[in-house]
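Enquirer: Next up is a structure, given as structure tokens.
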Amino acid sequence: MQTVVHVTHEAVHKIGGIGAVLHGLFTAKTYLDTVNRNILVGPFWPMDQSGEQRLGAEGEVLYSSLDSLYRSPLAARFREIEQTFGVGIVYGRRKFIEKGTGVVSTPEILLIDVANYDKKRIGDFKYAMWKKFGVDSSRYEHIWDYEQYFRLAEPAIAALHALGVTTSVEPCVILSHEYMGIPTCLAAIAEAESTSGGSNFRTIFHAHETATMRRIVEGNQGHDTMFYNVMRAALPEGHFVEDVFGDQSDFYKHTLLKTTRFFDEIFAVGDYVQKEFRFLGPDFIHVDSQIAYNGVPCWKISVQDKLESRRKLRTYCNSLLGFEPDFVFAHVTRLVLSKGLWRDLRVLEHLEPLLRARGETAVLFVLSTEAAQRRPDDIRRMEQTYKWPVVHREGGTDLSQGEAAFYEGVQEFNARSRNIKVVFINQFGFEQKFCGLRMPRDMEFMDIRKGSDVEFGQSIYEPFGIAQVEPISFGGICVYTNVCGCAGFVDRAAGGKPTPNVIVADYTDLATKGLRPEQLLAIGKPQRDEVEHRVAEQVARELVDRLPRTPAEFEPFIDRGFALASQMSWDIVARDFILPGIERACKHQRLRQIA
């Protein structure tokens, strides 16, 4: 029986992209047919729920020393582990359901409360990690995000042994989703080194990003325009990230990432992530890694389904702005720097006069917030008082600081534009009870996915980008950058041929070729602005030519989009990428050169 342990911060609650990946795998029949047992491991975080609700609405608690629940036959073993390490354990199951297919799975959940960890134990473990892997924890132990995952490692391994994961013939694979599971994997590797009979654990690092490169891209005014040109020039010359951008050892995620060269396998969610890993240092040039794209929702809809969702969106626009647009654009995303939201406005600046010349109109709905979901009562009050979400006010229950900064750009654009308007909806949920009474009563979140003509996603750093390619199955035109991981997957699904359903914006394309390395490093905001305006104009011209305008024109977009999504589903991802990688890790442990 194949067992895979997923170490993650999203063991109970879906927070972001990793939660989407877990849901995709745990509801993919192809994956479940091979991986019979899945265990989610993560740190316990104090939360409102207690007792029976510790693992959420779809969870079942079998053991919790925090709540005096001892239903598991392993209760005595768990208690022994708790006493040894000074931790608390919550163990049970959580249900994952895919409504579209009806697939249900119930992976095990193992949460460890590390708040009162034994000081000598953690000190001894950190010393062992320094001796074997060169990780100097003294530099980062004041950072709780670092500390909690080091404390998680040894009791997690002990609990996995108690759960019997290493007693079967097949090795147990520990899959670290990002840096969070690295210490646990290092503990498993160290166990193998200290055990005469070896270990039945195998380790995989699932790179959902390259944290070192994200920090550089976001922290430099040249963003992707600078960074990827520098990386392309540096690698062939044998130069790596610290040669070019200086010492990165102050960043705890960078230090952890460098230890993944000791793992049995590395999964990269996109082509650029794979390249970024090679840029980490000379030790990674010959380290095996493989692409493991994320999956994309794959639903078949009819032209009438799309037109009905478009009708709701156009009706909503009319309720807010007093006109029904010819086109509906959308951008559903987190409000963070990497998403490059200002690039949407730059495309619209060039698109507006083109639509005006044709007598056509459009609206862009931006669904993004950096705050928690606002209470429905607060939304209705803002709607009645000052016409939210067309108008916003800073502070209170409305705009946060980051939201206010983006809204300034929205206001400026709307003041200048006649034929395109932007509506900034800083609220989770896309239905009337969450977004106010001016939204159609029968609106639901999938309407903006099915009904939008264009989905923007022009990120400066995007390891994959599930959100910007989700509407492809419904015939939407997806606009993303060449450095987005989804670009490689779509290209693969399309057989390397261009498709009208996507527009790839290359903000790394410099007008001046052959720049020297120091000139590339000097690229800042002025040079990036020049590139962005040029590329945004190209995107606008492509959009105005491609946009479907009649039911007959929508049909081929839907057919092509569904065909593409069919080659990008989670079952395809499991079959072609995840399962072969697990098999490789099980059969061929990498030779480790541990100093």
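By order of appearance in the structure tokens: chains A, B, ..., then residues from 1 within every chain, and ligands from 1 in the order shown.
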Residues of segment 419-535 of chain A classed as strand (DSSP E or B) by DSSP on the backbone are to be reported as a ChimeraX atom specification.

Expert: /A:420-425,454-457,477-481,502-505

Enquirer: Would you save the residues of that selection, restricted to N, CA and C atoms, as a CSV table (one decimal), in the first residue's frame?

Expert:
```csv
chain,number,residue,atom,x,y,z
A,420,ILE,N,-14.5,51.9,-21.0
A,420,ILE,CA,-14.2,50.8,-20.1
A,420,ILE,C,-14.2,51.3,-18.6
A,421,LYS,N,-14.8,50.6,-17.7
A,421,LYS,CA,-14.8,50.9,-16.3
A,421,LYS,C,-14.3,49.7,-15.5
A,422,VAL,N,-13.7,50.1,-14.4
A,422,VAL,CA,-13.2,49.0,-13.5
A,422,VAL,C,-13.9,49.1,-12.2
A,423,VAL,N,-14.4,47.9,-11.7
A,423,VAL,CA,-15.1,47.8,-10.4
A,423,VAL,C,-14.2,46.9,-9.5
A,424,PHE,N,-13.8,47.5,-8.4
A,424,PHE,CA,-12.9,46.8,-7.5
A,424,PHE,C,-13.7,46.3,-6.3
A,425,ILE,N,-13.8,44.9,-6.3
A,425,ILE,CA,-14.6,44.3,-5.3
A,425,ILE,C,-13.7,43.7,-4.2
A,454,VAL,N,-12.6,37.6,-20.6
A,454,VAL,CA,-11.1,37.6,-20.4
A,454,VAL,C,-10.8,37.5,-19.0
A,455,GLU,N,-9.8,36.7,-18.6
A,455,GLU,CA,-9.2,36.7,-17.3
A,455,GLU,C,-7.8,37.2,-17.3
A,456,PHE,N,-7.5,38.3,-16.6
A,456,PHE,CA,-6.2,38.8,-16.5
A,456,PHE,C,-5.4,38.1,-15.4
A,457,GLY,N,-4.0,38.0,-15.6
A,457,GLY,CA,-3.2,37.4,-14.6
A,457,GLY,C,-1.7,37.7,-15.0
A,477,ILE,N,-10.7,34.0,-22.6
A,477,ILE,CA,-9.4,34.3,-23.1
A,477,ILE,C,-8.5,34.6,-21.8
A,478,CYS,N,-7.5,33.8,-21.6
A,478,CYS,CA,-6.6,34.0,-20.4
A,478,CYS,C,-5.3,34.8,-20.8
A,479,VAL,N,-5.1,35.9,-20.1
A,479,VAL,CA,-3.9,36.7,-20.4
A,479,VAL,C,-3.0,36.6,-19.2
A,480,TYR,N,-1.8,36.0,-19.4
A,480,TYR,CA,-0.8,35.8,-18.4
A,480,TYR,C,0.6,36.1,-19.0
A,481,THR,N,1.6,36.1,-18.1
A,481,THR,CA,2.9,36.4,-18.6
A,481,THR,C,3.7,35.1,-18.9
A,502,VAL,N,-5.5,32.0,-25.4
A,502,VAL,CA,-4.6,32.6,-24.5
A,502,VAL,C,-3.7,33.7,-25.2
A,503,ILE,N,-3.4,34.6,-24.4
A,503,ILE,CA,-2.4,35.7,-24.8
A,503,ILE,C,-1.3,35.7,-23.8
A,504,VAL,N,-0.1,35.4,-24.3
A,504,VAL,CA,1.1,35.4,-23.4
A,504,VAL,C,1.8,36.7,-23.5
A,505,ALA,N,1.9,37.5,-22.4
A,505,ALA,CA,2.5,38.8,-22.4
A,505,ALA,C,3.9,38.6,-21.9
```

Enquirer: Write out as a PyMOL selection string the residues lying within 9 Å of Gly281 of chain A, counting only C-alpha atoms and excluding same-chain residues fewer than 6 positions away.

Expert: chain A and resi 239-243+258

Enquirer: Figure out the distance between atom CA of Cys486 of chain A and atom CA of Phe464 of chain A, please, to one decimal in Å.

Expert: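 Atom-to-atom, atom CA of Phe464 of chain A to atom CA of Cys486 of chain A, that is 4.9 Å.
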
Enquirer: So, with only C-alpha atoms as the atoms that count, which of A:Asp442, A:Asp377, A:Glu462, A:Glu308 lies closest to Arg334 of chain A?

Expert: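 For Arg334 of chain A, the nearest of the given residues is A:Glu462.
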
Enquirer: Within 8 Å of segment 532-537 of chain A, counting only C-alpha atoms, which residues show up once you throw out same-chain ones fewer than 4 positions away? Write them as an mmCIF file with C-alpha atoms, in the first residue's frame, please.

Expert:
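Output below, filename selection_27.cif:
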```cif
data_model
loop_
_atom_site.group_PDB
_atom_site.id
_atom_site.type_symbol
_atom_site.label_atom_id
_atom_site.label_comp_id
_atom_site.auth_asym_id
_atom_site.auth_seq_id
_atom_site.Cartn_x
_atom_site.Cartn_y
_atom_site.Cartn_z
ATOM 1 C CA ARG A 343 -0.611 45.877 -15.625
ATOM 2 C CA ARG A 346 -2.093 49.548 -18.579
ATOM 3 C CA VAL A 347 -3.677 47.097 -21.004
ATOM 4 C CA HIS A 350 -4.540 50.964 -24.727
ATOM 5 C CA LEU A 351 -7.718 48.937 -25.234
ATOM 6 C CA ALA A 505 2.514 38.780 -22.395
ATOM 7 C CA ASP A 506 6.311 38.836 -22.313
ATOM 8 C CA TYR A 507 7.421 41.655 -20.015
ATOM 9 C CA ARG A 528 10.233 48.404 -16.907
ATOM 10 C CA ARG A 541 -4.500 44.947 -29.990
#
```
